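Peer 1: Just dropping this structure here.
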Amino acid sequence: MRRSIVSMGWLVITVSGCAAMGPGPGAGPDSEAWELRRELSREARQATEARDFPRALDLLAELAETDTRSADAPARMGRIYAELGQLDEASEAFQRALDRDVDDIDSLIGLGRVKLARGKTTEAIARFDEAIEIDPGQATAHIGRGQALESLGRTDEALAAYFRALRHEPDAAPALSRVASIQLDRNQPESALARLDHLVELSFEDPETRIQRGRARLALGLTDEAIADLRFASEHLPDRADVAYLLTLAFEQADKTKDARTAADRALELDPNSVLVRELAERLHR
């Protein structure tokens with residue numbers, strides 16, 4: 001019933017501006033080169049925003065050739081390749097950026113995410129640590145570090161990393177989500193609910209957040225509110241057995257036996273091999 005710990009979100013990393021491309025326009029041939037780089041960068045950004053990734057990659061490759069000192073273009077290529085799931089190409093692009101600028105934070109974080117996606121957790125943590133050493137306020141690096149630590153079962157350290165991310169970026173949704181999930185698993189629903197209320201304010205239509213808030217409300221005995229969240233999630237994720245199961249529990253808690261039976265039957269249909277679902281359905285039908 002938990003979301004995956006590792007959430008990629010590659011293209012949300014801040015894209016460097018034209019200032020990263022070198023000196024501004026001036027007299028002579030350098031002015032023409034700068035204008036060309038600025039135009040390539042602008043067109044690549046537009047193509048990325050339109051999710052026309054092949055064009056964006058072509059433009060960024062040309063930009064990288066016109067300015068061989070800047071890490072901006074290969075770093076942006078790395079983010080696109082990672083978004084496309086092409087991790088080999090992403091890793092190569094991020095490394096090219098770091099060859100140009102060893103302190104390029106976006107590329108350190110991007111490479112850390114690639115390492116984490118490949119299960120190379122220790123290497124991922126090292127990249128995140130390098131980014132944090134350069135800029136301790138990088139919430140994205142703290143989140144990546146937390147995800148890596150959590151995947152190793154080092155939950156206390158992961159929680160500390162998420163809280164550091166939230167200290168620098170209070171609206172960081174991945175950190176809020178993971179903190180809430182850990183608190184729910186630790187039977188701290190009241191603390192989790194505070195994070196989840198914040199998350200729902202940020203993204204009211206996200207069914208995953210509504211599932212988590214439904215869990216927290218259910219644990220706190222806020223039955224009607226839990227039913228509202230879980231109904232919303234069920235309407236948006238009708239094929240999720242875990243949602244149907246939680247909704248069954250909420251209806252049962254509210255003494256709505258008929259609704260509980262219907263939800264249990266749906267959960268059993270979706271996951272007939274689940275012992276928990278089968279036992280719940282049998283109990284409600286006695």
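Naming works like this for the structure tokens: A, B, ... for the chains as they're shown, residue 1 at the start of each chain, ligands 1 onward in shown order.
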Which residues are near Asp185 of chain A? Cut-off 12 Å, only C-alpha atoms, ignore same chain within fewer than 4 positions. Put them as a list in words.

Peer 2: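 Result of the neighbour search: Met1, Arg2, Thr155, Arg178, Val179, Ala180, Ser181, Pro189, Ser191, Ala192, Gln212, Arg215, Ala216 and Ala219 of chain A.
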
Peer 1: Could the residues in this selection be written to a file with N, CA, C and O atoms, as a CSV table (one decimal), in the first residue's frame?

Peer 2:
```
chain,number,residue,atom,x,y,z
A,1,MET,N,0.8,-1.2,0.0
A,1,MET,CA,0.0,0.0,0.0
A,1,MET,C,0.9,1.3,0.0
A,1,MET,O,0.4,2.3,0.2
A,2,ARG,N,2.2,1.1,-0.2
A,2,ARG,CA,3.1,2.2,-0.2
A,2,ARG,C,3.5,2.6,-1.6
A,2,ARG,O,3.6,1.7,-2.4
A,155,THR,N,16.2,3.7,7.9
A,155,THR,CA,15.1,4.6,7.9
A,155,THR,C,15.3,5.8,8.7
A,155,THR,O,14.8,6.9,8.3
A,178,ARG,N,7.3,10.8,1.6
A,178,ARG,CA,8.1,9.8,2.3
A,178,ARG,C,8.0,9.9,3.8
A,178,ARG,O,7.9,8.9,4.5
A,179,VAL,N,8.1,11.1,4.3
A,179,VAL,CA,8.0,11.3,5.8
A,179,VAL,C,6.6,10.8,6.3
A,179,VAL,O,6.6,10.0,7.3
A,180,ALA,N,5.6,11.1,5.6
A,180,ALA,CA,4.2,10.7,6.0
A,180,ALA,C,4.1,9.1,5.9
A,180,ALA,O,3.6,8.5,6.8
A,181,SER,N,4.7,8.5,4.9
A,181,SER,CA,4.6,7.1,4.8
A,181,SER,C,5.4,6.4,5.9
A,181,SER,O,4.9,5.4,6.5
A,189,PRO,N,0.0,8.2,13.0
A,189,PRO,CA,-0.9,8.8,12.0
A,189,PRO,C,-1.2,10.3,12.2
A,189,PRO,O,-1.4,11.0,11.2
A,191,SER,N,1.0,12.6,13.2
A,191,SER,CA,2.1,13.3,12.6
A,191,SER,C,2.0,13.2,11.0
A,191,SER,O,2.2,14.2,10.3
A,192,ALA,N,1.7,12.0,10.6
A,192,ALA,CA,1.6,11.8,9.1
A,192,ALA,C,0.5,12.7,8.5
A,192,ALA,O,0.6,13.2,7.4
A,212,GLN,N,-3.0,7.8,1.1
A,212,GLN,CA,-2.2,7.9,2.3
A,212,GLN,C,-3.0,8.7,3.4
A,212,GLN,O,-3.0,8.3,4.5
A,215,ARG,N,-5.6,6.5,4.8
A,215,ARG,CA,-5.0,5.6,5.8
A,215,ARG,C,-4.8,6.3,7.2
A,215,ARG,O,-5.2,5.7,8.2
A,216,ALA,N,-4.3,7.5,7.1
A,216,ALA,CA,-4.1,8.2,8.4
A,216,ALA,C,-5.4,8.5,9.1
A,216,ALA,O,-5.5,8.4,10.3
A,219,ALA,N,-6.8,5.4,10.7
A,219,ALA,CA,-6.2,5.1,11.9
A,219,ALA,C,-6.6,6.0,13.1
A,219,ALA,O,-6.5,5.6,14.2
```

Peer 1: With a distance cut-off of 12 Å and only C-alpha atoms, select the neighbouring residues of Thr66 of chain A, excluding the residue or stretch itself and same-chain residues fewer than 2 positions from it, and output the selection as an MDAnalysis selection string.

Peer 2: chainID A and resid 21:22 30 32:41 59:64 68:74

Peer 1: Fewer than 3 positions away in the same chain doesn't count, so skip those; otherwise give me all residues within 10 Å of Glu92 of chain A, counting only C-alpha atoms, as a ChimeraX atom specification.

Peer 2: /A:74-75,77-78,81,87-89,95-98,111

Peer 1: With only C-alpha atoms as the counted atoms, please give the residues lying no more than 12 Å from segment 239-255 of chain A, apart from itself and same-chain residues fewer than 4 positions off, as a PyMOL selection string.

Peer 2: chain A and resi 1-3+207-235+259-281+283-285

Peer 1: Find the residue from A:Gly85, A:Gly110, A:Pro170, A:Pro238 that sits nearest to Leu199 of chain A; use only C-alpha atoms when measuring.

Peer 2: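 Of all the options, A:Pro170 lies closest to Leu199 of chain A.
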
Peer 1: Find the distance between atom CA of Ser91 of chain A and atom CA of Lys115 of chain A and write it in Å to one decimal.

Peer 2: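 Value for the atom CA of Ser91 of chain A-atom CA of Lys115 of chain A distance: 8.4 Å.
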
Peer 1: Please identify which residues in segment 25-258 of chain A DSSP calls alpha helix (DSSP H) from the backbone, and express them as a ChimeraX atom specification.

Peer 2: /A:29-49,53-66,72-83,87-100,105-117,121-134,139-151,155-168,173-185,189-202,207-219,223-236,241-253,257-258

Peer 1: Nearest to Ile132 of chain A: which of A:Ser31, A:His236, A:Arg100, A:His168 is it, counting only C-alpha atoms?

Peer 2: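 Result for the nearest residue to Ile132 of chain A: A:His168.
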
Peer 1: Would you mind listing what lies within 9 Å of Asp171 of chain A as a VMD selection string, with only C-alpha atoms counted and same-chain residues fewer than 2 positions away left out?

Peer 2: chain A and resid 166 169 173 to 176 198 to 199 202

Peer 1: I want to know what sits within 10 Å of Ile134 of chain A, based on only C-alpha atoms, with residues of the same chain fewer than 5 positions away left out; could you give that as a list of chain:residue names?

Peer 2: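 The residues that qualify are A:Asp103, A:Asp104, A:Ile105, A:Asp129.
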
Peer 1: For each of A:Glu282, A:Gln138, A:Val114, A:Ile80, take the minimum atom-to-atom distance to Glu49 of chain A, counting only C-alpha atoms, then give the residue where this is smallest.

Peer 2: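 Result for the nearest residue to Glu49 of chain A: A:Ile80.
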
Peer 1: Using only C-alpha atoms, pick whichever of A:Val200, A:Leu108, A:Ile143, A:Ala148 has the shortest atom-to-atom distance to Ala131 of chain A.

Peer 2: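 Nearest to Ala131 of chain A: A:Leu108.
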